[in-house]
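run.txt follows; it contains compact mmCIF, C-alpha atoms.
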```
# COMPACT_ATOMS: atom_id res chain seq x y z
CA MET P 1465 276.64 59.33 -10.13
CA ALA P 1466 278.65 62.49 -10.77
CA THR P 1467 282.16 62.64 -9.38
CA GLN P 1468 283.19 65.32 -6.91
CA LYS P 1469 285.19 67.04 -9.70
CA GLU P 1470 282.17 67.06 -12.08
CA THR P 1471 279.96 68.45 -9.34
CA SER P 1472 282.52 71.18 -8.66
CA LEU P 1473 282.79 72.07 -12.36
CA ARG P 1474 278.99 72.17 -12.70
CA GLY P 1475 278.78 74.46 -9.69
CA THR P 1476 281.46 76.73 -11.13
CA LYS P 1477 279.62 76.95 -14.48
CA GLN P 1478 276.33 77.77 -12.76
CA SER P 1479 278.13 80.45 -10.77
CA HIS P 1480 279.54 81.97 -14.00
CA ASP P 1481 276.10 81.82 -15.65
CA ALA P 1482 274.56 83.55 -12.65
CA ASN P 1483 277.26 86.23 -12.75
CA ASP P 1484 276.65 86.76 -16.49
CA ASN P 1485 272.90 87.07 -15.87
CA ASN P 1486 273.52 89.52 -13.05
CA LYS P 1487 275.79 91.56 -15.30
CA GLN P 1488 273.13 91.63 -18.05
CA ILE P 1489 270.47 92.66 -15.54
CA ALA P 1490 272.79 95.32 -14.11
CA SER P 1491 273.56 96.54 -17.62
CA SER P 1492 269.87 96.65 -18.46
CA LEU P 1493 269.10 98.58 -15.28
CA ALA P 1494 271.95 100.97 -16.01
CA MET P 1495 270.49 101.62 -19.46
CA THR P 1496 267.03 102.08 -17.94
CA HIS P 1497 268.28 104.65 -15.39
CA ALA P 1498 270.96 106.23 -17.57
CA ARG P 1499 270.64 110.01 -17.77
CA VAL P 1500 270.40 110.10 -21.54
CA PRO P 1501 267.46 110.88 -23.86
CA LYS P 1502 265.58 108.26 -25.87
CA LEU P 1503 266.54 110.00 -29.11
CA ARG P 1504 270.18 111.03 -29.43
CA PHE P 1505 272.71 111.90 -32.13
CA LYS P 1506 275.02 108.89 -32.54
CA GLU P 1507 278.30 110.80 -32.18
CA PHE P 1508 277.58 111.63 -28.53
CA GLU P 1509 277.79 109.37 -25.50
CA GLY P 1510 277.92 109.55 -21.71
CA ASP P 1511 275.31 110.65 -19.16
CA TRP P 1512 273.85 114.13 -19.11
CA GLU P 1513 274.64 116.16 -16.01
CA LYS P 1514 271.89 117.25 -13.62
CA LYS P 1515 271.88 121.01 -13.03
CA LYS P 1516 269.63 123.72 -11.67
CA PHE P 1517 268.67 126.71 -13.80
CA GLY P 1518 270.38 128.84 -11.16
CA ASP P 1519 273.67 127.09 -11.98
CA ILE P 1520 273.54 127.86 -15.71
CA ALA P 1521 271.90 131.33 -15.67
CA ILE P 1522 273.64 134.60 -14.90
CA LYS P 1523 270.27 136.39 -14.68
CA VAL P 1524 266.73 135.37 -13.71
CA GLY P 1525 264.44 138.36 -13.32
CA SER P 1526 261.68 140.49 -14.83
CA GLY P 1527 260.66 144.13 -15.14
CA SER P 1528 257.70 146.22 -14.07
CA THR P 1529 254.98 148.41 -15.50
CA PRO P 1530 256.15 152.02 -15.87
CA ARG P 1531 254.35 154.59 -13.73
CA GLY P 1532 251.80 156.71 -15.50
CA GLY P 1533 249.61 153.99 -16.98
CA VAL P 1534 248.98 153.55 -20.70
CA GLU P 1535 249.86 157.20 -21.35
CA VAL P 1536 253.57 156.42 -21.05
CA TYR P 1537 253.41 154.07 -24.05
CA GLN P 1538 254.24 155.39 -27.50
CA ASN P 1539 254.45 154.07 -31.06
CA PHE P 1540 258.20 154.53 -31.33
CA GLY P 1541 261.23 154.19 -29.07
CA ILE P 1542 262.30 151.18 -26.99
CA PRO P 1543 260.10 148.08 -27.57
CA PHE P 1544 258.19 147.19 -24.40
CA ILE P 1545 257.61 143.44 -24.20
CA ARG P 1546 254.60 141.92 -22.48
CA SER P 1547 253.29 138.35 -22.23
CA GLN P 1548 251.21 138.75 -25.42
CA ASN P 1549 254.42 139.33 -27.37
CA VAL P 1550 255.66 135.81 -26.59
CA VAL P 1551 253.76 133.65 -29.09
CA ASN P 1552 254.46 130.18 -30.55
CA ASP P 1553 258.11 130.16 -29.40
CA ARG P 1554 258.65 133.54 -31.10
CA LEU P 1555 259.01 137.15 -30.03
CA VAL P 1556 256.32 139.08 -31.91
CA LEU P 1557 256.67 142.82 -31.31
CA ASP P 1558 253.91 145.39 -31.72
CA GLU P 1559 253.93 149.19 -31.60
CA THR P 1560 254.00 149.43 -27.80
CA CYS P 1561 257.20 151.28 -26.88
CA ILE P 1562 258.65 153.34 -24.05
CA SER P 1563 260.99 156.33 -24.09
CA GLU P 1564 264.76 156.25 -23.61
CA GLU P 1565 264.25 158.02 -20.29
CA ILE P 1566 261.90 155.35 -18.90
CA ASN P 1567 264.14 152.58 -20.25
CA SER P 1568 267.13 154.06 -18.42
CA LYS P 1569 265.18 153.88 -15.15
CA MET P 1570 264.50 150.17 -15.77
CA LYS P 1571 268.08 149.03 -16.36
CA GLY P 1572 267.55 145.75 -14.51
CA SER P 1573 265.00 144.51 -17.06
CA ILE P 1574 266.70 145.49 -20.31
CA VAL P 1575 266.41 142.67 -22.84
CA LYS P 1576 269.37 141.53 -24.93
CA PRO P 1577 269.84 139.15 -27.89
CA LYS P 1578 269.87 135.44 -26.92
CA ASP P 1579 267.86 136.07 -23.72
CA ILE P 1580 265.15 133.51 -23.00
CA LEU P 1581 261.82 135.17 -22.25
CA LEU P 1582 259.35 133.17 -20.14
CA ASN P 1583 255.78 134.17 -19.29
CA ILE P 1584 255.34 133.71 -15.54
CA THR P 1585 251.72 134.74 -14.85
CA GLY P 1586 248.23 134.43 -16.27
CA GLY P 1587 246.78 132.19 -18.95
CA SER P 1588 249.94 132.28 -21.07
CA ILE P 1589 252.20 131.06 -18.27
CA GLY P 1590 254.92 128.76 -19.60
CA ARG P 1591 255.13 130.28 -23.08
CA SER P 1592 258.70 131.13 -23.98
CA CYS P 1593 260.93 132.36 -26.78
CA ILE P 1594 264.49 133.45 -27.56
CA VAL P 1595 265.32 137.06 -28.32
CA PRO P 1596 266.71 137.10 -31.92
CA ASP P 1597 270.37 137.84 -32.66
CA ASP P 1598 269.46 141.00 -34.63
CA PHE P 1599 267.47 142.46 -31.72
CA THR P 1600 268.97 145.74 -30.50
CA ILE P 1601 267.34 146.65 -27.18
CA GLY P 1602 264.04 146.28 -25.34
CA ASN P 1603 262.44 146.06 -21.92
CA VAL P 1604 259.88 143.83 -20.21
CA ASN P 1605 257.09 144.14 -17.67
CA GLN P 1606 256.62 142.04 -14.54
CA HIS P 1607 254.78 139.23 -16.34
CA VAL P 1608 257.80 138.19 -18.41
CA CYS P 1609 260.97 136.68 -16.93
CA ILE P 1610 264.40 137.13 -18.49
CA ILE P 1611 266.62 134.04 -18.29
CA ARG P 1612 270.14 134.92 -19.41
CA LEU P 1613 272.47 131.92 -19.62
CA ASN P 1614 276.22 131.69 -19.14
CA LYS P 1615 278.37 131.12 -22.23
CA ASN P 1616 278.61 127.36 -21.66
CA ASN P 1617 274.94 126.74 -22.46
CA SER P 1618 272.77 127.10 -25.55
CA PRO P 1619 269.67 129.35 -25.19
CA LYS P 1620 267.85 127.39 -27.91
CA PHE P 1621 268.49 124.10 -26.12
CA ILE P 1622 267.20 125.42 -22.77
CA GLN P 1623 264.21 127.20 -24.35
CA SER P 1624 263.29 123.99 -26.20
CA PHE P 1625 263.47 122.11 -22.90
CA ILE P 1626 261.14 124.70 -21.34
CA ALA P 1627 258.68 124.14 -24.21
CA SER P 1628 258.84 120.34 -23.84
CA TYR P 1629 256.46 118.24 -21.75
CA LYS P 1630 259.12 117.85 -19.06
CA GLY P 1631 259.76 121.60 -18.92
CA GLN P 1632 256.05 122.44 -18.77
CA LYS P 1633 255.63 119.92 -15.96
CA LEU P 1634 258.29 121.79 -13.95
CA ILE P 1635 256.43 125.05 -14.59
CA THR P 1636 253.16 123.55 -13.34
CA GLN P 1637 254.85 122.19 -10.22
CA GLY P 1638 256.68 125.47 -9.56
CA GLN P 1639 253.62 127.73 -9.56
CA THR P 1640 252.84 129.50 -6.31
CA GLY P 1641 249.96 131.46 -4.79
CA SER P 1642 246.48 130.48 -3.67
CA GLY P 1643 245.39 129.84 -7.24
CA ARG P 1644 248.83 128.53 -8.29
CA GLU P 1645 248.81 131.31 -10.84
CA GLY P 1646 252.43 132.42 -11.02
CA LEU P 1647 256.12 131.54 -10.99
CA ASN P 1648 258.62 133.32 -8.79
CA PHE P 1649 262.31 133.67 -9.60
CA GLN P 1650 263.43 131.31 -6.84
CA SER P 1651 261.24 128.55 -8.26
CA ILE P 1652 262.77 129.07 -11.69
CA ARG P 1653 266.32 129.01 -10.33
CA LEU P 1654 265.54 125.68 -8.63
CA PHE P 1655 264.30 124.02 -11.83
CA ASN P 1656 266.31 120.81 -12.31
CA THR P 1657 267.20 119.43 -15.72
CA HIS P 1658 269.78 117.13 -17.26
CA ILE P 1659 272.15 118.86 -19.65
CA PRO P 1660 274.79 117.54 -22.09
CA ASN P 1661 277.98 119.37 -23.00
CA LEU P 1662 277.78 122.45 -25.20
CA PRO P 1663 278.53 120.73 -28.55
CA GLU P 1664 275.61 118.31 -28.06
CA GLN P 1665 273.36 121.16 -26.91
CA GLN P 1666 274.22 123.07 -30.08
CA LYS P 1667 273.59 120.03 -32.28
CA ILE P 1668 270.13 119.58 -30.77
CA ALA P 1669 269.47 123.32 -30.94
CA ASN P 1670 270.42 123.51 -34.63
CA PHE P 1671 268.16 120.58 -35.47
CA LEU P 1672 265.18 122.09 -33.63
CA THR P 1673 265.90 125.48 -35.19
CA ALA P 1674 265.58 123.88 -38.63
CA VAL P 1675 262.16 122.51 -37.61
CA ASP P 1676 261.12 125.94 -36.31
CA THR P 1677 262.27 127.55 -39.56
CA LYS P 1678 260.07 125.14 -41.51
CA LEU P 1679 257.14 125.96 -39.24
CA GLN P 1680 257.70 129.68 -39.70
CA GLN P 1681 257.87 129.30 -43.50
CA LEU P 1682 254.58 127.39 -43.51
CA THR P 1683 252.96 129.92 -41.16
CA THR P 1684 254.07 132.79 -43.40
CA LYS P 1685 252.71 130.95 -46.44
CA LYS P 1686 249.36 130.48 -44.74
CA GLU P 1687 249.21 134.14 -43.69
CA THR P 1688 250.06 135.23 -47.25
CA LEU P 1689 247.27 133.06 -48.68
CA ALA P 1690 244.82 134.40 -46.08
CA GLN P 1691 245.73 137.99 -46.93
CA TYR P 1692 245.37 137.23 -50.64
CA LYS P 1693 241.94 135.73 -50.03
CA LYS P 1694 240.89 138.76 -47.98
CA GLY P 1695 241.89 141.11 -50.78
CA VAL P 1696 240.15 139.02 -53.43
CA MET P 1697 236.96 138.88 -51.35
CA GLN P 1698 236.92 142.65 -50.97
CA GLN P 1699 237.21 143.04 -54.73
CA LEU P 1700 234.64 140.35 -55.53
CA PHE P 1701 231.94 141.46 -53.10
CA SER P 1702 232.44 145.15 -53.93
CA GLN P 1703 232.08 144.07 -57.61
CA GLN P 1704 235.41 145.61 -58.59
CA LEU P 1705 236.25 142.14 -59.86
CA ARG P 1706 233.58 140.26 -61.84
CA PHE P 1707 233.45 136.85 -63.42
CA LYS P 1708 232.03 136.30 -66.88
CA PRO P 1709 229.89 133.45 -68.20
CA ASP P 1710 231.63 130.78 -70.24
CA GLY P 1711 230.12 132.33 -73.34
CA GLY P 1712 232.02 135.56 -72.70
CA SER P 1713 229.14 138.06 -72.22
CA ALA P 1714 228.28 139.50 -68.79
CA PHE P 1715 226.32 138.23 -65.82
CA PRO P 1716 223.24 140.23 -64.69
CA ASP P 1717 223.66 143.10 -62.26
CA TRP P 1718 223.68 142.20 -58.58
CA GLU P 1719 220.69 142.85 -56.36
CA GLU P 1720 220.31 143.38 -52.64
CA LYS P 1721 217.99 140.76 -51.20
CA LYS P 1722 216.74 139.62 -47.81
CA LEU P 1723 217.78 136.15 -46.64
CA LYS P 1724 214.15 134.99 -46.49
CA GLU P 1725 213.95 135.34 -50.28
CA PHE P 1726 216.28 132.37 -50.85
CA ILE P 1727 216.51 130.55 -47.49
CA SER P 1728 214.02 127.66 -47.31
CA ASP P 1729 214.07 127.38 -43.52
CA PHE P 1730 215.50 129.18 -40.50
CA ILE P 1731 216.12 126.55 -37.81
CA VAL P 1732 216.24 127.88 -34.25
CA PRO P 1733 217.42 125.20 -31.77
CA MET P 1734 215.67 124.31 -28.54
CA ARG P 1735 217.08 125.99 -25.42
CA ASP P 1736 216.95 122.79 -23.36
CA LYS P 1737 220.17 120.78 -23.32
CA PRO P 1738 219.81 116.98 -23.38
CA LYS P 1739 220.97 115.30 -20.17
CA ASP P 1740 222.29 112.23 -21.98
CA LEU P 1741 224.96 113.09 -24.57
CA LYS P 1742 226.07 109.59 -25.54
CA GLY P 1743 223.96 109.19 -28.66
CA GLU P 1744 224.84 108.84 -32.33
CA ILE P 1745 223.78 112.29 -33.64
CA PRO P 1746 226.62 114.79 -32.94
CA TRP P 1747 225.90 117.51 -30.36
CA CYS P 1748 228.05 120.49 -31.35
CA ARG P 1749 229.06 123.73 -29.69
CA ILE P 1750 231.11 126.68 -30.89
CA GLU P 1751 234.23 124.92 -29.55
CA ASP P 1752 233.70 122.25 -32.21
CA PHE P 1753 234.00 124.71 -35.09
CA ASP P 1754 237.29 124.09 -36.87
CA GLY P 1755 237.29 125.47 -40.39
CA LYS P 1756 234.64 125.69 -43.05
CA TYR P 1757 232.81 122.43 -42.40
CA LEU P 1758 231.24 120.90 -39.30
CA PHE P 1759 230.48 117.20 -39.03
CA LYS P 1760 231.41 116.03 -35.53
CA SER P 1761 231.77 116.90 -31.85
CA LYS P 1762 235.39 117.07 -30.74
CA SER P 1763 234.33 115.74 -27.34
CA ASN P 1764 232.33 112.93 -29.02
CA GLN P 1765 229.08 114.14 -27.49
CA GLY P 1766 225.89 113.05 -29.23
CA VAL P 1767 222.14 112.68 -28.90
CA SER P 1768 220.14 109.52 -29.49
CA ILE P 1769 217.22 109.33 -31.93
CA GLU P 1770 214.94 108.58 -28.97
CA THR P 1771 216.03 111.79 -27.20
CA VAL P 1772 215.47 113.79 -30.39
CA LYS P 1773 211.89 112.53 -30.53
CA GLU P 1774 211.22 112.98 -26.81
CA MET P 1775 212.54 116.56 -26.70
CA ASN P 1776 211.47 117.47 -30.24
CA LEU P 1777 215.03 118.64 -30.96
CA LYS P 1778 215.93 120.37 -34.21
CA VAL P 1779 218.29 118.38 -36.44
CA TYR P 1780 220.21 120.38 -39.05
CA PRO P 1781 220.20 118.75 -42.50
CA ILE P 1782 223.40 118.47 -44.57
CA ASN P 1783 224.41 121.76 -46.29
CA THR P 1784 222.73 123.91 -43.66
CA LEU P 1785 224.78 127.03 -42.94
CA LEU P 1786 225.19 127.49 -39.19
CA VAL P 1787 225.60 131.12 -38.14
CA SER P 1788 226.19 132.14 -34.53
CA CYS P 1789 223.36 134.35 -33.37
CA SER P 1790 224.85 135.41 -30.03
CA ALA P 1791 228.30 136.36 -28.68
CA ASN P 1792 230.60 135.71 -31.70
CA LEU P 1793 228.11 136.85 -34.31
CA GLY P 1794 228.93 135.81 -37.86
CA PHE P 1795 230.85 132.68 -36.90
CA CYS P 1796 229.90 130.21 -39.68
CA ALA P 1797 230.21 126.59 -40.74
CA ILE P 1798 228.55 124.34 -43.30
CA VAL P 1799 226.94 121.19 -41.90
CA LYS P 1800 228.34 118.04 -43.54
CA LYS P 1801 226.58 115.49 -41.32
CA GLU P 1802 223.19 115.73 -39.68
CA LEU P 1803 223.75 117.20 -36.22
CA ILE P 1804 222.31 119.21 -33.36
CA THR P 1805 223.59 122.33 -31.58
CA ASN P 1806 222.69 124.47 -28.61
CA GLN P 1807 220.89 127.81 -28.96
CA THR P 1808 224.10 129.67 -29.88
CA PHE P 1809 223.32 129.17 -33.59
CA ILE P 1810 220.64 129.59 -36.18
CA GLY P 1811 220.55 127.22 -39.14
CA LEU P 1812 220.05 128.69 -42.61
CA VAL P 1813 218.77 126.00 -44.99
CA PRO P 1814 219.42 127.35 -48.50
CA ASN P 1815 217.21 126.86 -51.52
CA PRO P 1816 219.80 125.29 -53.86
CA ASP P 1817 218.07 126.73 -56.94
CA LYS P 1818 218.54 130.27 -55.63
CA ILE P 1819 221.67 130.36 -53.44
CA ASP P 1820 224.93 128.42 -53.42
CA VAL P 1821 225.77 127.37 -49.85
CA ASP P 1822 229.50 128.05 -50.33
CA TYR P 1823 228.74 131.55 -51.59
CA LEU P 1824 226.41 132.04 -48.62
CA PHE P 1825 229.20 130.89 -46.26
CA HIS P 1826 231.68 133.45 -47.61
CA ILE P 1827 229.31 136.42 -47.69
CA MET P 1828 227.92 135.73 -44.20
CA LYS P 1829 231.45 135.56 -42.81
CA LEU P 1830 232.15 138.85 -44.55
CA SER P 1831 229.00 140.27 -42.94
CA SER P 1832 230.05 139.53 -39.35
CA ARG P 1833 230.69 143.20 -38.57
CA ARG P 1834 227.24 144.20 -39.82
CA LEU P 1835 225.67 141.42 -37.74
CA ASN P 1836 227.45 142.67 -34.62
CA VAL P 1837 226.37 146.27 -35.28
CA LEU P 1838 222.79 145.06 -35.73
CA SER P 1839 222.87 143.43 -32.29
CA SER P 1840 224.62 146.31 -30.51
CA GLY P 1841 221.36 147.80 -29.19
CA THR P 1842 220.66 144.78 -26.99
CA THR P 1843 222.01 144.08 -23.49
CA ILE P 1844 223.39 140.71 -24.63
CA SER P 1845 224.52 140.39 -28.24
CA TYR P 1846 221.79 138.35 -29.90
CA LEU P 1847 219.96 138.29 -33.21
CA SER P 1848 216.46 136.87 -33.56
CA ARG P 1849 215.11 134.74 -36.39
CA LYS P 1850 213.17 137.78 -37.62
CA GLN P 1851 216.36 139.83 -37.86
CA PHE P 1852 218.06 137.09 -39.86
CA GLU P 1853 215.06 136.78 -42.19
CA ASN P 1854 215.28 140.48 -43.03
CA PHE P 1855 219.08 140.65 -43.19
CA LYS P 1856 220.19 141.82 -46.64
CA ILE P 1857 223.17 140.62 -48.69
CA ASN P 1858 224.49 141.29 -52.19
CA TYR P 1859 222.93 138.74 -54.51
CA PRO P 1860 224.43 137.84 -57.91
CA SER P 1861 222.94 135.22 -60.25
CA ILE P 1862 223.31 131.60 -59.13
CA LYS P 1863 225.85 130.92 -61.90
CA GLU P 1864 228.07 133.81 -60.80
CA GLN P 1865 227.67 132.72 -57.18
CA LYS P 1866 229.06 129.31 -58.10
CA LYS P 1867 232.07 130.82 -59.89
CA ILE P 1868 232.82 133.07 -56.91
CA ALA P 1869 232.41 130.20 -54.46
CA ALA P 1870 234.60 127.86 -56.54
CA TYR P 1871 237.38 130.44 -56.74
CA LEU P 1872 237.35 131.17 -53.01
CA SER P 1873 237.04 127.48 -52.14
CA ALA P 1874 240.15 126.75 -54.21
CA ILE P 1875 242.06 129.25 -52.05
CA ASP P 1876 240.57 127.63 -48.94
CA THR P 1877 241.81 124.25 -50.13
CA LYS P 1878 245.35 125.63 -50.41
CA ILE P 1879 245.11 127.19 -46.95
CA GLU P 1880 243.84 123.92 -45.47
CA ALA P 1881 246.69 122.00 -47.14
CA VAL P 1882 249.24 124.35 -45.58
CA GLN P 1883 247.49 124.09 -42.22
CA THR P 1884 247.76 120.29 -42.44
CA GLN P 1885 251.51 120.66 -43.05
CA ILE P 1886 251.74 123.00 -40.04
CA SER P 1887 249.84 120.55 -37.82
CA ASN P 1888 252.02 117.63 -38.96
CA THR P 1889 255.21 119.60 -38.36
CA GLN P 1890 253.99 120.70 -34.93
CA ALA P 1891 253.24 117.06 -34.04
CA PHE P 1892 256.69 116.05 -35.30
CA LYS P 1893 258.30 118.75 -33.14
CA LYS P 1894 256.25 117.71 -30.12
CA GLY P 1895 257.50 114.15 -30.53
CA LEU P 1896 261.09 115.39 -30.77
CA LEU P 1897 260.73 117.45 -27.60
CA GLN P 1898 259.41 114.40 -25.75
CA GLN P 1899 262.35 112.22 -26.79
CA MET P 1900 265.33 114.57 -27.03
CA PHE P 1901 265.37 115.64 -23.37
CA VAL P 1902 265.90 113.70 -20.16
```
File written out as structure tokens:
Amino acid sequence: MATQKETSLRGTKQSHDANDNNKQIASSLAMTHARVPKLRFKEFEGDWEKKKFGDIAIKVGSGSTPRGGVEVYQNFGIPFIRSQNVVNDRLVLDETCISEEINSKMKGSIVKPKDILLNITGGSIGRSCIVPDDFTIGNVNQHVCIIRLNKNNSPKFIQSFIASYKGQKLITQGQTGSGREGLNFQSIRLFNTHIPNLPEQQKIANFLTAVDTKLQQLTTKKETLAQYKKGVMQQLFSQQLRFKPDGGSAFPDWEEKKLKEFISDFIVPMRDKPKDLKGEIPWCRIEDFDGKYLFKSKSNQGVSIETVKEMNLKVYPINTLLVSCSANLGFCAIVKKELITNQTFIGLVPNPDKIDVDYLFHIMKLSSRRLNVLSSGTTISYLSRKQFENFKINYPSIKEQKKIAAYLSAIDTKIEAVQTQISNTQAFKKGLLQQMFV
């Protein structure tokens, strides 16, 4: 049997163990509820402080639309900023300006460098940007809110918070009106967030600025490639620029031919939509178009083989060129897996001995304006199979088609590679925004 002293010692030890466990649990809970982000620079410590936007901003307000309608706008003068100018965390100005006189009457909505601009109405609600340091002066309408911070807070840090999941959630919760379609200034002032001291804000802001700079460089590179491709296409299809055969002579002169001369089949889909869209053959709509090729439904909708047989649905074979025949005429994609679409498209099945499908893709995209003009006489923009059959395009020899298509496809490959880099960088930034804010 244990002595009284041993029993006392055992009880004391159990008490200490319990206290240690309680301390560990308390420490764990403190870490769980600590007001710090998941991802943090190691030189900083301590909880972030909870503050309202109204506590850190010296201005929260917007402008108005000048009287006189569109006639007051001009191509020079004071830039007039609207919601469409706030794009991808950037201020993108156009040629919409107002006079000095009108600007002086709208002193309360004059925009300054380092202001945060936030769209507060419409479909672009929640988009934001920072006014660049080299900006001189501008003004805004009533759809854009100016958030001007005090000197103890970083605009880039706060704007990045606004763009984060947590910031966008506040915007959704703060919307008012019957359709919850807008933010008012009081709602914005009441936004709560946790904020570190200025040095940590600046460290985070500088890091995110570097990511934004990389994104902007990639976006510029993609735009440059796209402009280069556009210029090359204009020269190629106007025949200012011609390829030569490998032997060094010249290809035959181009002809103008109707599509029915080299298209084996024009597939017009059934108008009836299948009720069951859980099958294995992709069911695609215009929303599924994402680049040159089409091979799946983004929403994973599909039609079974049994439904295809029952409804006698049209299945597009691989290398069919889909061309929209209503609404967005000239929207194209090459089928890379057997699939089915609604009646928005017509399928052009090329004769491979007469037309290269990649060449057909590029020239039909280039012909979108002509297709729209052709449909302009109808109440609803639509082109029939007959109109497509008789539609004419410039037709070089099949060998020259292949050279043109290969050259343009090489540019497309570069553009797609840059787009992949953009998408990866955007995903990286999204992850940062989720983890770098409380």
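Look at range 1761-1771 of chain P: the protein and nucleic acid residues within 10 Å of it, using only C-alpha atoms and passing over chain neighbours fewer than 3 places away, are Pro1738, Lys1739, Asp1740, Leu1741, Lys1742, Gly1743, Glu1744, Ile1745, Pro1746, Trp1747, Cys1748, Arg1749, Ile1750, Glu1751, Asp1752, Phe1753, Asp1754, Leu1758, Glu1774, Met1775, Asn1776, Leu1777, Leu1803, Ile1804 and Thr1805 of chain P.
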Q | Residue neighbourhood Cys1561 in chain P, 6 Å, only C-alpha atoms, exclusion window fewer than 5 positions, as a PyMOL selection string | A | chain P and resi 1537-1544
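The smallest atom-to-atom distance between Pro1860 in chain P and any of P:Gly1755, P:Pro1660, P:Pro1733, P:Pro1716, using only C-alpha atoms, is found for P:Pro1716.
Residue neighbourhood of Ser1790 in chain P, excluding near-sequence residues (fewer than 3 positions): Ile1750, Val1787, Leu1793, Gly1794, Phe1795, Asn1806, Gln1807, Thr1808, Phe1809, Ile1810, Ser1832, Leu1835, Asn1836, Leu1838, Ser1839, Ser1840, Thr1842, Thr1843, Ile1844, Ser1845, Tyr1846, Leu1847, Ser1848 and Arg1849 of chain P, at 12 Å, using only C-alpha atoms.
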Q) Hey, can you pull every residue with an atom no more than 12 Å from (249.7, 124.1, -37.4), using all atoms listed in the file, and send it as a PyMOL selection string? A) chain P and resi 1552+1676+1678-1687+1879-1894
Please produce a file of those selected residues containing C-alpha atoms, as a PDB file, in the frame of the given file.
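Dumped everything to selection_4.pdb:
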```pdb
ATOM      1  CA  ASN P1552     254.460 130.180 -30.550  1.00  0.00           C
ATOM      2  CA  ASP P1676     261.120 125.940 -36.310  1.00  0.00           C
ATOM      3  CA  LYS P1678     260.070 125.140 -41.510  1.00  0.00           C
ATOM      4  CA  LEU P1679     257.140 125.960 -39.240  1.00  0.00           C
ATOM      5  CA  GLN P1680     257.700 129.680 -39.700  1.00  0.00           C
ATOM      6  CA  GLN P1681     257.870 129.300 -43.500  1.00  0.00           C
ATOM      7  CA  LEU P1682     254.580 127.390 -43.510  1.00  0.00           C
ATOM      8  CA  THR P1683     252.960 129.920 -41.160  1.00  0.00           C
ATOM      9  CA  THR P1684     254.070 132.790 -43.400  1.00  0.00           C
ATOM     10  CA  LYS P1685     252.710 130.950 -46.440  1.00  0.00           C
ATOM     11  CA  LYS P1686     249.360 130.480 -44.740  1.00  0.00           C
ATOM     12  CA  GLU P1687     249.210 134.140 -43.690  1.00  0.00           C
ATOM     13  CA  ILE P1879     245.110 127.190 -46.950  1.00  0.00           C
ATOM     14  CA  GLU P1880     243.840 123.920 -45.470  1.00  0.00           C
ATOM     15  CA  ALA P1881     246.690 122.000 -47.140  1.00  0.00           C
ATOM     16  CA  VAL P1882     249.240 124.350 -45.580  1.00  0.00           C
ATOM     17  CA  GLN P1883     247.490 124.090 -42.220  1.00  0.00           C
ATOM     18  CA  THR P1884     247.760 120.290 -42.440  1.00  0.00           C
ATOM     19  CA  GLN P1885     251.510 120.660 -43.050  1.00  0.00           C
ATOM     20  CA  ILE P1886     251.740 123.000 -40.040  1.00  0.00           C
ATOM     21  CA  SER P1887     249.840 120.550 -37.820  1.00  0.00           C
ATOM     22  CA  ASN P1888     252.020 117.630 -38.960  1.00  0.00           C
ATOM     23  CA  THR P1889     255.210 119.600 -38.360  1.00  0.00           C
ATOM     24  CA  GLN P1890     253.990 120.700 -34.930  1.00  0.00           C
ATOM     25  CA  ALA P1891     253.240 117.060 -34.040  1.00  0.00           C
ATOM     26  CA  PHE P1892     256.690 116.050 -35.300  1.00  0.00           C
ATOM     27  CA  LYS P1893     258.300 118.750 -33.140  1.00  0.00           C
ATOM     28  CA  LYS P1894     256.250 117.710 -30.120  1.00  0.00           C
TER      29      LYS P1894
END
```
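CA of Lys1523 in chain P to CA of Ile1611 in chain P spans 5.6 Å [interatomic distance, one decimal].
Counting all atoms listed in the file, the residue from P:Arg1546, P:Lys1863, P:His1826, P:Lys1516 that sits nearest to Trp1718 in chain P is P:Lys1863.
CA of Ile1601 in chain P is positioned 16.8 Å from CA of Pro1530 in chain P.
With all atoms listed in the file as the atoms that count, the residue of P:Phe1599, P:Phe1701, P:Phe1655, P:Phe1625 with the shortest distance to Lys1515 in chain P is P:Phe1655.
CA of Asn1792 in chain P to CA of Lys1722 in chain P spans 21.6 Å [interatomic distance, one decimal].
Closest to Ile1827 in chain P among P:Lys1737, P:Lys1633, P:Lys1506, P:Lys1694 is P:Lys1694, based on only C-alpha atoms.
Distances from P:Met1900, P:Ile1584, P:Ile1626, P:Ile1819 to Thr1640 in chain P were compared using all atoms listed in the file, and the smallest one belongs to P:Ile1584.
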Q | Selection: 12 Å around Leu1503 in chain P, all atoms listed in the file, excl. self and same-chain fewer than 3 positions, as a list of chain:residue names | A | P:Val1500, P:Lys1506, P:Phe1508, P:Glu1509, P:Ile1668, P:Gly1895, P:Leu1896, P:Leu1897, P:Gln1898, P:Gln1899, P:Met1900, P:Phe1901, P:Val1902
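Closest approach to Lys1878 in chain P among P:Lys1866, P:Arg1706, P:Lys1693, P:Arg1735: P:Lys1693, based on all atoms listed in the file.
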Q. Neighbours of Glu1864 in chain P within 12 Å (only C-alpha atoms; same-chain residues fewer than 6 positions away dropped), as a PyMOL selection string?
A. chain P and resi 1700-1701+1703+1705-1710+1714-1718+1818-1820+1823+1858+1870-1871
